[in-house]
$ cat upload_26.csv   # CSV, C-alpha atoms
chain,number,residue,atom,x,y,z
A,1,MET,CA,101.8,106.5,129.1
A,2,PRO,CA,100.2,103.0,129.6
A,3,VAL,CA,102.4,100.0,128.6
A,4,ALA,CA,99.4,98.7,126.6
A,5,LEU,CA,100.1,101.4,124.0
A,6,LEU,CA,103.3,99.5,123.2
A,7,ALA,CA,101.2,96.5,122.1
A,8,LEU,CA,99.1,98.6,119.8
A,9,ALA,CA,102.3,100.2,118.4
A,10,VAL,CA,103.7,96.7,117.5
A,11,GLY,CA,100.5,96.0,115.6
A,12,ALA,CA,100.7,99.4,113.8
A,13,PHE,CA,104.4,98.7,113.0
A,14,GLY,CA,103.4,95.4,111.3
A,15,ILE,CA,100.6,97.1,109.4
A,16,GLY,CA,102.7,100.0,108.2
A,17,THR,CA,105.5,97.6,107.1
A,18,THR,CA,103.2,95.4,105.0
A,19,GLU,CA,101.5,98.5,103.4
A,20,PHE,CA,104.6,100.3,102.3
A,21,VAL,CA,107.2,97.6,101.8
A,22,MET,CA,105.3,96.3,98.8
A,23,MET,CA,106.6,99.3,96.9
A,24,GLY,CA,110.2,98.3,97.7
A,25,VAL,CA,109.9,94.6,96.6
A,26,LEU,CA,107.5,95.2,93.7
A,27,PRO,CA,110.2,94.4,91.0
A,28,LEU,CA,111.0,91.2,92.9
A,29,THR,CA,107.3,90.0,93.0
A,30,ALA,CA,106.9,90.9,89.3
A,31,ALA,CA,109.9,88.8,88.4
A,32,ASP,CA,108.8,85.9,90.5
A,33,PHE,CA,105.3,85.8,89.0
A,34,HIS,CA,106.6,86.5,85.5
A,35,ILE,CA,104.5,89.7,85.1
A,36,ASP,CA,105.3,93.3,84.3
A,37,ILE,CA,105.6,96.1,86.9
A,38,PRO,CA,102.2,97.7,86.2
A,39,SER,CA,100.6,94.3,86.7
A,40,ALA,CA,102.4,93.8,90.0
A,41,GLY,CA,101.1,97.2,91.0
A,42,TYR,CA,97.7,95.5,91.5
A,43,PHE,CA,99.2,94.1,94.8
A,44,ILE,CA,99.3,97.7,96.1
A,45,SER,CA,95.8,98.5,94.8
A,46,ALA,CA,94.4,95.3,96.2
A,47,TYR,CA,95.6,96.1,99.7
A,48,ALA,CA,94.3,99.7,99.5
A,49,LEU,CA,90.9,98.4,98.3
A,50,GLY,CA,90.9,96.0,101.3
A,51,VAL,CA,91.5,98.9,103.7
A,52,VAL,CA,88.7,101.0,102.2
A,53,ILE,CA,86.1,98.2,102.3
A,54,GLY,CA,87.3,96.5,105.4
A,55,ALA,CA,87.4,99.6,107.7
A,56,PRO,CA,83.6,100.2,107.8
A,57,LEU,CA,82.5,96.6,107.1
A,58,LEU,CA,84.5,94.8,109.8
A,59,THR,CA,83.9,97.5,112.3
A,60,ALA,CA,80.2,97.2,111.7
A,61,LEU,CA,80.2,93.4,111.9
A,62,ALA,CA,82.2,93.4,115.1
A,63,VAL,CA,80.4,96.4,116.8
A,64,ARG,CA,79.1,94.2,119.7
A,65,LEU,CA,82.5,92.7,120.4
A,66,PRO,CA,84.7,93.9,123.3
A,67,ARG,CA,87.4,96.1,121.8
A,68,LYS,CA,90.3,93.9,123.0
A,69,THR,CA,88.6,90.9,121.2
A,70,MET,CA,88.2,93.1,118.1
A,71,LEU,CA,91.9,94.0,118.2
A,72,LEU,CA,93.0,90.3,118.5
A,73,ALA,CA,90.6,89.3,115.7
A,74,MET,CA,91.8,92.0,113.3
A,75,MET,CA,95.5,91.2,114.0
A,76,GLY,CA,94.8,87.5,113.5
A,77,LEU,CA,93.2,88.2,110.1
A,78,PHE,CA,96.2,90.4,109.2
A,79,THR,CA,98.6,87.7,110.1
A,80,VAL,CA,96.8,85.0,108.1
A,81,GLY,CA,96.6,87.3,105.1
A,82,ASN,CA,100.3,88.1,105.1
A,83,ALA,CA,101.3,84.4,105.6
A,84,LEU,CA,99.1,83.4,102.7
A,85,PHE,CA,100.5,86.1,100.5
A,86,ALA,CA,104.0,84.9,101.2
A,87,LEU,CA,102.9,81.4,100.0
A,88,SER,CA,101.0,82.7,96.9
A,89,PRO,CA,101.4,80.3,93.9
A,90,ASN,CA,100.4,83.0,91.3
A,91,GLN,CA,99.3,86.6,90.7
A,92,ASP,CA,95.6,85.9,91.2
A,93,PHE,CA,96.0,84.3,94.6
A,94,GLY,CA,98.5,87.1,95.5
A,95,ILE,CA,96.0,89.8,94.7
A,96,ALA,CA,93.3,88.0,96.7
A,97,PHE,CA,95.6,87.5,99.7
A,98,ARG,CA,96.8,91.1,99.6
A,99,PHE,CA,93.1,92.2,99.7
A,100,LEU,CA,92.6,89.9,102.7
A,101,ALA,CA,95.6,91.4,104.5
A,102,GLY,CA,94.2,94.9,103.9
A,103,LEU,CA,90.7,94.2,105.2
A,104,PRO,CA,91.6,94.5,109.0
A,105,HIS,CA,93.9,97.6,108.6
A,106,GLY,CA,91.3,100.3,109.2
A,107,ALA,CA,89.3,98.3,111.7
A,108,PHE,CA,92.4,97.7,113.8
A,109,PHE,CA,93.4,101.4,113.9
A,110,GLY,CA,89.8,102.4,114.5
A,111,ALA,CA,89.5,100.2,117.6
A,112,GLY,CA,93.0,100.9,118.6
A,113,ALA,CA,92.5,104.6,118.6
A,114,VAL,CA,89.4,104.3,120.8
A,115,VAL,CA,91.3,102.0,123.2
A,116,ALA,CA,94.4,104.3,123.3
A,117,SER,CA,92.2,107.3,124.0
A,118,SER,CA,90.3,105.4,126.8
A,119,LEU,CA,93.6,104.5,128.5
A,120,ALA,CA,94.9,108.1,128.6
A,121,GLN,CA,94.4,110.7,131.2
A,122,PRO,CA,92.1,113.7,130.3
A,123,GLY,CA,94.1,116.1,128.2
A,124,GLN,CA,96.5,113.4,126.9
A,125,ARG,CA,94.2,111.5,124.6
A,126,ALA,CA,95.6,112.7,121.3
A,127,LYS,CA,99.1,112.0,122.6
A,128,ALA,CA,98.1,108.4,123.4
A,129,VAL,CA,96.7,107.9,119.9
A,130,SER,CA,99.9,109.3,118.4
A,131,MET,CA,101.9,106.8,120.5
A,132,MET,CA,100.0,104.0,118.8
A,133,PHE,CA,100.5,105.5,115.4
A,134,MET,CA,104.2,105.9,116.2
A,135,GLY,CA,104.5,102.2,115.2
A,136,LEU,CA,103.1,103.1,111.7
A,137,THR,CA,105.7,105.9,111.2
A,138,LEU,CA,108.6,103.8,112.6
A,139,ALA,CA,107.7,101.2,110.0
A,140,ASN,CA,108.8,103.7,107.3
A,141,VAL,CA,112.1,104.3,109.1
A,142,ILE,CA,112.9,100.7,110.1
A,143,GLY,CA,110.4,98.1,108.7
A,144,VAL,CA,110.3,99.2,105.1
A,145,PRO,CA,114.1,99.6,104.5
A,146,LEU,CA,114.9,96.3,106.3
A,147,GLY,CA,112.0,94.5,104.6
A,148,THR,CA,113.2,95.7,101.2
A,149,LEU,CA,116.8,94.6,102.0
A,150,LEU,CA,115.6,91.2,103.2
A,151,GLY,CA,113.6,90.8,100.0
A,152,GLN,CA,116.6,91.7,97.9
A,153,GLN,CA,118.9,89.3,99.8
A,154,VAL,CA,116.5,86.3,100.5
A,155,GLY,CA,113.4,86.9,98.5
A,156,TRP,CA,110.2,88.9,98.8
A,157,ARG,CA,108.4,85.9,100.4
A,158,ALA,CA,110.7,86.1,103.3
A,159,THR,CA,109.7,89.7,103.8
A,160,PHE,CA,106.0,88.9,104.2
A,161,GLY,CA,106.8,85.9,106.3
A,162,VAL,CA,108.6,88.2,108.8
A,163,VAL,CA,105.6,90.5,108.7
A,164,ALA,CA,103.3,87.6,109.6
A,165,VAL,CA,105.7,86.8,112.6
A,166,ILE,CA,105.3,90.5,113.7
A,167,GLY,CA,101.6,89.9,113.5
A,168,LEU,CA,102.0,87.0,115.9
A,169,LEU,CA,104.1,89.1,118.3
A,170,ALA,CA,101.4,91.8,118.2
A,171,ILE,CA,98.7,89.2,119.1
A,172,ALA,CA,100.7,88.0,122.1
A,173,ALA,CA,101.5,91.6,123.2
A,174,ILE,CA,97.8,92.7,122.9
A,175,ALA,CA,96.6,89.6,124.8
A,176,LYS,CA,99.1,90.2,127.6
A,177,LEU,CA,99.2,94.0,127.9
A,178,VAL,CA,95.9,95.5,126.8
A,179,PRO,CA,93.3,95.4,129.6
A,180,HIS,CA,89.9,94.0,129.1
A,181,GLN,CA,87.7,96.8,127.7
A,182,GLY,CA,84.2,95.4,128.1
A,183,ARG,CA,81.6,95.9,125.5
A,184,PRO,CA,81.0,99.3,123.9
A,185,ALA,CA,78.4,101.4,125.7
A,186,ASP,CA,76.1,101.4,122.7
A,187,PRO,CA,76.8,98.2,120.8
A,188,SER,CA,74.5,98.9,117.8
A,189,ILE,CA,75.3,99.6,114.2
A,190,ARG,CA,72.5,102.1,114.2
A,191,GLY,CA,74.2,104.1,117.0
A,192,GLU,CA,77.5,104.0,115.1
A,193,LEU,CA,76.0,105.1,111.9
A,194,GLY,CA,74.2,107.9,113.7
A,195,ALA,CA,77.6,109.7,114.0
A,196,PHE,CA,77.6,110.1,110.2
A,197,ARG,CA,74.6,112.4,110.5
A,198,ARG,CA,76.9,115.1,111.9
A,199,PRO,CA,78.3,117.5,109.4
A,200,GLN,CA,81.5,117.9,111.4
A,201,VAL,CA,82.3,114.2,110.9
A,202,TRP,CA,82.1,114.6,107.2
A,203,LEU,CA,84.2,117.7,107.3
A,204,ALA,CA,86.8,115.9,109.2
A,205,LEU,CA,86.9,113.1,106.7
A,206,ALA,CA,87.2,115.6,103.9
A,207,ILE,CA,90.2,117.3,105.6
A,208,VAL,CA,91.9,113.9,105.6
A,209,MET,CA,91.1,113.1,102.0
A,210,PHE,CA,92.2,116.4,100.6
A,211,GLY,CA,94.8,117.6,103.1
A,212,LEU,CA,96.7,114.4,103.3
A,213,GLY,CA,96.1,113.9,99.6
A,214,GLY,CA,98.8,116.6,99.2
A,215,VAL,CA,101.3,114.3,100.9
A,216,PHE,CA,100.6,111.5,98.5
A,217,ALA,CA,100.6,113.6,95.4
A,218,CYS,CA,104.3,114.2,96.3
A,219,MET,CA,105.3,110.9,97.8
A,220,SER,CA,103.8,108.8,95.0
A,221,TYR,CA,106.4,110.2,92.6
A,222,ILE,CA,109.2,110.9,95.0
A,223,ALA,CA,111.6,108.2,93.5
A,224,PRO,CA,111.7,109.8,90.0
A,225,MET,CA,111.9,113.3,91.5
A,226,LEU,CA,115.0,112.2,93.5
A,227,THR,CA,116.7,110.3,90.7
A,228,ASP,CA,115.8,112.3,87.5
A,229,VAL,CA,115.6,115.8,89.0
A,230,ALA,CA,117.8,115.9,92.2
A,231,GLY,CA,120.4,113.6,90.7
A,232,TYR,CA,120.5,110.8,93.3
A,233,SER,CA,121.3,107.2,92.4
A,234,PRO,CA,118.5,104.6,92.8
A,235,ALA,CA,120.4,103.0,95.6
A,236,ASN,CA,120.2,106.2,97.7
A,237,VAL,CA,116.4,106.5,97.4
A,238,THR,CA,115.8,104.0,100.2
A,239,VAL,CA,118.0,106.1,102.5
A,240,LEU,CA,116.1,109.2,101.6
A,241,LEU,CA,112.8,107.5,102.2
A,242,SER,CA,114.0,106.6,105.6
A,243,LEU,CA,114.8,110.2,106.2
A,244,ALA,CA,111.2,111.0,105.2
A,245,GLY,CA,110.1,108.3,107.7
A,246,VAL,CA,112.1,110.0,110.5
A,247,GLY,CA,110.2,113.2,109.6
A,248,MET,CA,106.9,111.4,109.8
A,249,THR,CA,107.8,110.0,113.2
A,250,ILE,CA,108.7,113.4,114.6
A,251,GLY,CA,105.5,114.9,113.0
A,252,ASN,CA,103.3,112.2,114.5
A,253,TYR,CA,104.9,112.9,117.9
A,254,LEU,CA,104.4,116.6,117.6
A,255,GLY,CA,100.9,116.3,116.2
A,256,GLY,CA,99.6,114.3,119.2
A,257,ARG,CA,101.0,116.8,121.7
A,258,LEU,CA,99.8,119.9,119.8
A,259,ALA,CA,96.4,118.4,119.4
A,260,ASP,CA,96.0,118.0,123.2
A,261,LYS,CA,96.9,121.7,123.7
A,262,ALA,CA,95.1,123.5,120.8
A,263,LEU,CA,93.7,121.1,118.2
A,264,MET,CA,92.2,123.4,115.5
A,265,PRO,CA,94.9,126.1,115.6
A,266,SER,CA,97.5,123.4,115.4
A,267,LEU,CA,95.7,121.8,112.4
A,268,TYR,CA,95.6,125.1,110.5
A,269,VAL,CA,99.3,125.5,111.1
A,270,ALA,CA,100.1,121.9,110.0
A,271,LEU,CA,98.1,122.2,106.8
A,272,LEU,CA,99.6,125.6,105.9
A,273,ALA,CA,103.1,124.3,106.7
A,274,LEU,CA,102.5,121.3,104.4
A,275,ALA,CA,101.3,123.6,101.5
A,276,THR,CA,104.4,125.8,102.0
A,277,VAL,CA,106.9,122.9,102.1
A,278,LEU,CA,105.4,121.3,99.0
A,279,SER,CA,105.7,124.6,97.2
A,280,ILE,CA,109.3,125.0,98.3
A,281,PHE,CA,110.1,121.5,97.1
A,282,THR,CA,109.5,122.5,93.5
A,283,VAL,CA,112.6,124.6,93.9
A,284,THR,CA,114.8,122.7,96.3
A,285,ALA,CA,114.3,119.4,94.4
A,286,GLN,CA,116.8,120.8,91.9
A,287,GLY,CA,119.7,120.0,94.3
A,288,LYS,CA,120.6,117.0,96.4
A,289,VAL,CA,120.9,118.8,99.8
A,290,GLY,CA,117.8,120.9,99.3
A,291,ALA,CA,115.8,117.8,98.2
A,292,ALA,CA,117.0,115.8,101.3
A,293,VAL,CA,116.1,118.6,103.7
A,294,THR,CA,112.8,119.3,102.2
A,295,ILE,CA,111.6,115.7,102.0
A,296,PHE,CA,112.3,115.5,105.8
A,297,PHE,CA,110.0,118.4,106.4
A,298,VAL,CA,107.3,117.0,104.1
A,299,GLY,CA,107.2,114.0,106.4
A,300,VAL,CA,107.0,116.3,109.5
A,301,ALA,CA,104.3,118.5,108.2
A,302,GLY,CA,102.2,115.7,106.6
A,303,PHE,CA,102.2,113.4,109.6
A,304,MET,CA,101.4,116.1,112.2
A,305,ILE,CA,97.9,116.0,110.7
A,306,GLY,CA,97.2,112.3,111.3
A,307,PRO,CA,96.8,112.3,115.2
A,308,MET,CA,95.1,115.6,115.0
A,309,MET,CA,92.4,114.3,112.7
A,310,GLN,CA,92.0,111.1,114.7
A,311,ALA,CA,91.4,113.1,117.8
A,312,ARG,CA,89.1,115.5,116.0
A,313,ILE,CA,86.8,112.9,114.5
A,314,MET,CA,86.5,110.9,117.8
A,315,GLU,CA,85.6,114.2,119.5
A,316,LYS,CA,82.9,114.9,116.9
A,317,ALA,CA,81.6,111.3,116.9
A,318,GLY,CA,80.4,111.7,120.5
A,319,GLY,CA,79.7,108.4,122.2
A,320,THR,CA,79.9,106.2,119.1
A,321,PRO,CA,83.5,106.6,117.9
A,322,SER,CA,84.4,103.2,116.6
A,323,LEU,CA,83.0,103.3,113.0
A,324,VAL,CA,84.0,106.9,112.3
A,325,SER,CA,87.5,106.2,113.7
A,326,ALA,CA,87.9,103.3,111.3
A,327,ALA,CA,86.5,105.5,108.5
A,328,VAL,CA,89.6,107.8,108.9
A,329,GLN,CA,91.7,104.9,107.6
A,330,SER,CA,89.4,104.6,104.5
A,331,ALA,CA,89.7,108.4,104.1
A,332,PHE,CA,93.5,108.1,104.4
A,333,ASN,CA,93.6,105.5,101.5
A,334,ILE,CA,91.3,107.7,99.4
A,335,ALA,CA,93.7,110.5,100.0
A,336,ASN,CA,96.4,108.2,98.7
A,337,SER,CA,94.4,107.5,95.6
A,338,ILE,CA,93.5,111.2,95.0
A,339,GLY,CA,97.0,112.4,95.4
A,340,ALA,CA,98.5,109.7,93.2
A,341,TYR,CA,95.9,110.1,90.5
A,342,LEU,CA,96.2,113.9,90.3
A,343,GLY,CA,100.0,113.8,90.5
A,344,GLY,CA,100.1,111.3,87.6
A,345,LEU,CA,97.7,113.4,85.6
A,346,VAL,CA,99.9,116.5,85.6
A,347,ILE,CA,103.0,114.5,84.8
A,348,ALA,CA,101.1,112.8,81.9
A,349,GLY,CA,100.0,116.3,80.8
A,350,GLY,CA,103.6,117.3,80.2
A,351,LEU,CA,104.0,119.6,83.3
A,352,GLY,CA,107.1,117.8,84.5
A,353,LEU,CA,108.1,115.5,87.4
A,354,LEU,CA,107.9,118.3,90.0
A,355,ALA,CA,104.3,119.3,89.1
A,356,PRO,CA,102.8,116.9,91.7
A,357,ASN,CA,104.2,119.1,94.4
A,358,TRP,CA,102.1,122.0,93.1
A,359,VAL,CA,99.1,119.6,93.1
A,360,GLY,CA,100.0,118.6,96.7
A,361,ALA,CA,100.2,122.3,97.8
A,362,LEU,CA,96.8,123.1,96.3
A,363,LEU,CA,95.3,120.0,98.0
A,364,ALA,CA,96.7,121.1,101.3
A,365,VAL,CA,95.2,124.6,100.8
A,366,LEU,CA,91.9,123.0,100.1
A,367,GLY,CA,92.3,121.0,103.3
A,368,VAL,CA,92.9,124.1,105.4
A,369,SER,CA,89.9,125.8,103.8
A,370,ILE,CA,87.7,122.9,104.8
A,371,ALA,CA,89.2,123.0,108.3
A,372,ALA,CA,88.4,126.7,108.5
A,373,VAL,CA,84.7,126.0,107.7
A,374,SER,CA,84.8,123.3,110.4
A,375,GLY,CA,86.2,125.9,112.9
A,376,LEU,CA,83.5,128.4,112.0
A,377,LEU,CA,80.9,125.8,112.7
A,378,ASP,CA,82.5,125.1,116.1
A,379,ARG,CA,82.3,128.8,117.0
A,380,ARG,CA,78.7,129.1,115.8
A,381,GLU,CA,77.7,126.0,117.9
A,382,ALA,CA,79.5,127.4,120.9
A,383,ARG,CA,77.7,130.7,120.5
A,384,VAL,CA,74.3,129.0,120.2
A,385,GLU,CA,75.0,126.9,123.3
A,386,LYS,CA,76.0,130.1,125.2
A,387,GLU,CA,72.8,131.9,124.2
A,388,LEU,CA,70.7,128.9,125.2
A,389,ALA,CA,72.4,128.8,128.6
A,390,LEU,CA,71.8,132.5,129.1
A,391,ALA,CA,68.2,132.2,128.1
A,392,SER,CA,67.6,129.4,130.6

$ encode --input "upload_26.csv" --output "C-alpha cells"
Amino acid sequence: MPVALLALAVGAFGIGTTEFVMMGVLPLTAADFHIDIPSAGYFISAYALGVVIGAPLLTALAVRLPRKTMLLAMMGLFTVGNALFALSPNQDFGIAFRFLAGLPHGAFFGAGAVVASSLAQPGQRAKAVSMMFMGLTLANVIGVPLGTLLGQQVGWRATFGVVAVIGLLAIAAIAKLVPHQGRPADPSIRGELGAFRRPQVWLALAIVMFGLGGVFACMSYIAPMLTDVAGYSPANVTVLLSLAGVGMTIGNYLGGRLADKALMPSLYVALLALATVLSIFTVTAQGKVGAAVTIFFVGVAGFMIGPMMQARIMEKAGGTPSLVSAAVQSAFNIANSIGAYLGGLVIAGGLGLLAPNWVGALLAVLGVSIAAVSGLLDRREARVEKELALAS
C-alpha cells in the first residue's frame, strides 16, 4: 500500500478523535461553562450539523481544486476549528467553533477516499480506502480513551488542543507524502451533481442511513446498557468502548478486503450479521462476559459496512465521485441521528434500555432489503447491456 495512505490515516485519526471524544469529556465542558449536560450536548449536535452541511457545500465550492490542495485546506480548517474550540470563552462560541470543526469532516473523507482509490492498484481500491478509514477506527481504540483521560487529568481544553496538534501533523504528512493529484477530470459542479441522477447512488446512501443507523441505535445508549443492565461500573465503560473500537478496526480491515473480492455478497452478509448480533445483544447484555463479547462483534459487523459503501458509491458515481463520496459522510451522520432518535423513542416509550438493540436490528434488516433492491438493479442493468451487445 502507498505510504501516502498513512498521511490520510493521520487526518482520519484526528477527525475520529474530535468527533467521539466529546462524549467522554461532556461532563467536564458542562462544568466549565456552568451548564447542564443536555445543554452541553449541543456541542455534539453542532459538530454533526457541520458535517452534514459541510460535506456537500465545501466539496462543491472546492470542486476545481486539485485534490491534494483540497485535503490540505480541509485539514487546515479542521485544525483552526479545534484550536478555537479549546479557547472558547462561553457556550455560544463553543457551539460555533464545534460547527466550524465539523464542516471539513465529510469533504476531507470524500476527497481522501478518491485519492486513496486512485493510488491503489486495480482490485485493491476498497482496501486502500479502508486503510485511510483505519485512522478513524483507531481513534476509538486510542484517541478517545486517551483524550478522555487527558481531559480528566488536565482539562477538556487540553484534549482539543492536542487534537489541533494532530491536525498540524496531518497537514505536514499530507504535504510531504501525498503526490500531486492534478485537477479533477471534470471540474464542474454540474458534472458532480449529475451523479445524483443515478438511482443506485441514492440507494447506496439509503443503505448507509438505515443500515448503519442500526449501529448507532445501539451505541448511542451503550453506557446505560453496560452499567444498568450488564452491571459494569462507570469506570469500566471506557475500557469496553475501546473493545468496541478494536472490533471496529478489525471490521474496517475486513470490509475493505471483502469489498475488493465480492462487494455486494459481502455487504449482504455484513448487514445480516449486524442484525443478528444486535438481536443477540438483547440477551447477552444481561451478563458481563456476554455483553463484552457482543459489543466487540457489534463493532466488527457495523464497521465492515463503511468501506464497502464507500467503494460502492464511488463505483456508481462514475467519473464524478467527489461530491457523492463526501455525501456518504453526511449519510453517516444522518444514520447517527436516526439511530439515536429511534433508540431514545423506544426507551421513552417504556420498552427498556435494551429496546434500542431491536430497533438497530430492524434498521439493519431494512438496510439489507435496500441492498437487495440495488443488487437486483445491477443484474437487470447487466442483462440489458448483454442483450444490447448481442443485438449489435

$ closest_atom_pairs --input "upload_26.csv" --of "range 92-140 of chain A" --to "range 27-49 of chain A" --cutoff "12 Å" --atoms "all atoms listed in the file" --output "JSON lines"
{"residue": "A:Asp92", "atom": "CA", "partner": "A:Phe43", "partner_atom": "CA", "distance": 9.7}
{"residue": "A:Phe93", "atom": "CA", "partner": "A:Phe43", "partner_atom": "CA", "distance": 10.3}
{"residue": "A:Gly94", "atom": "CA", "partner": "A:Phe43", "partner_atom": "CA", "distance": 7.1}
{"residue": "A:Ile95", "atom": "CA", "partner": "A:Phe43", "partner_atom": "CA", "distance": 5.4}
{"residue": "A:Ala96", "atom": "CA", "partner": "A:Ala46", "partner_atom": "CA", "distance": 7.4}
{"residue": "A:Phe97", "atom": "CA", "partner": "A:Tyr47", "partner_atom": "CA", "distance": 8.6}
{"residue": "A:Arg98", "atom": "CA", "partner": "A:Tyr47", "partner_atom": "CA", "distance": 5.1}
{"residue": "A:Phe99", "atom": "CA", "partner": "A:Tyr47", "partner_atom": "CA", "distance": 4.6}
{"residue": "A:Leu100", "atom": "CA", "partner": "A:Tyr47", "partner_atom": "CA", "distance": 7.5}
{"residue": "A:Ala101", "atom": "CA", "partner": "A:Tyr47", "partner_atom": "CA", "distance": 6.7}
{"residue": "A:Gly102", "atom": "CA", "partner": "A:Tyr47", "partner_atom": "CA", "distance": 4.6}
{"residue": "A:Leu103", "atom": "CA", "partner": "A:Tyr47", "partner_atom": "CA", "distance": 7.6}
{"residue": "A:Pro104", "atom": "CA", "partner": "A:Tyr47", "partner_atom": "CA", "distance": 10.2}
{"residue": "A:His105", "atom": "CA", "partner": "A:Tyr47", "partner_atom": "CA", "distance": 9.2}
{"residue": "A:Gly106", "atom": "CA", "partner": "A:Ala48", "partner_atom": "CA", "distance": 10.2}

$ write_last_selection --input "upload_26.csv" --atoms "C-alpha atoms" --output "PDB file, keeping the file's coordinate frame"
ATOM      1  CA  ASP A  92      95.600  85.900  91.200  1.00  0.00           C
ATOM      2  CA  PHE A  93      96.000  84.300  94.600  1.00  0.00           C
ATOM      3  CA  GLY A  94      98.500  87.100  95.500  1.00  0.00           C
ATOM      4  CA  ILE A  95      96.000  89.800  94.700  1.00  0.00           C
ATOM      5  CA  ALA A  96      93.300  88.000  96.700  1.00  0.00           C
ATOM      6  CA  PHE A  97      95.600  87.500  99.700  1.00  0.00           C
ATOM      7  CA  ARG A  98      96.800  91.100  99.600  1.00  0.00           C
ATOM      8  CA  PHE A  99      93.100  92.200  99.700  1.00  0.00           C
ATOM      9  CA  LEU A 100      92.600  89.900 102.700  1.00  0.00           C
ATOM     10  CA  ALA A 101      95.600  91.400 104.500  1.00  0.00           C
ATOM     11  CA  GLY A 102      94.200  94.900 103.900  1.00  0.00           C
ATOM     12  CA  LEU A 103      90.700  94.200 105.200  1.00  0.00           C
ATOM     13  CA  PRO A 104      91.600  94.500 109.000  1.00  0.00           C
ATOM     14  CA  HIS A 105      93.900  97.600 108.600  1.00  0.00           C
ATOM     15  CA  GLY A 106      91.300 100.300 109.200  1.00  0.00           C
TER      16      GLY A 106
END

$ residues_around --input "upload_26.csv" --residues "Met70 in chain A" --least-positions-apart "5" --cutoff "12 Å" --atoms "all atoms listed in the file" --output "number ranges by chain"
A: 58-65, 75-77, 104-112, 114-115, 171, 174-175, 178, 180-184, 322

$ atom_distance --input "upload_26.csv" --atom1 "CA of Gly251 in chain A" --atom2 "CA of Pro356 in chain A"
21.6 Å

$ residues_around --input "upload_26.csv" --residues "Ser266 in chain A" --least-positions-apart "3" --cutoff "12 Å" --atoms "all atoms listed in the file" --output "list of chain:residue names"
A:Gly251, A:Leu254, A:Gly255, A:Gly256, A:Arg257, A:Leu258, A:Ala259, A:Asp260, A:Lys261, A:Ala262, A:Leu263, A:Val269, A:Ala270, A:Leu271, A:Leu272, A:Ala273, A:Ala301, A:Met304, A:Ile305, A:Gly306, A:Pro307, A:Met308, A:Met309, A:Arg312, A:Val368, A:Ala371, A:Ala372, A:Gly375

$ residues_around --input "upload_26.csv" --residues "Ala86 in chain A" --least-positions-apart "6" --cutoff "9 Å" --atoms "only C-alpha atoms" --output "number ranges by chain"
A: 94, 97, 156-161, 164

$ closest_residue --input "upload_26.csv" --among "A:Val229, A:Ala382, A:Met314, A:Ala116" --to "Leu353 in chain A" --atoms "all atoms listed in the file"
A:Val229
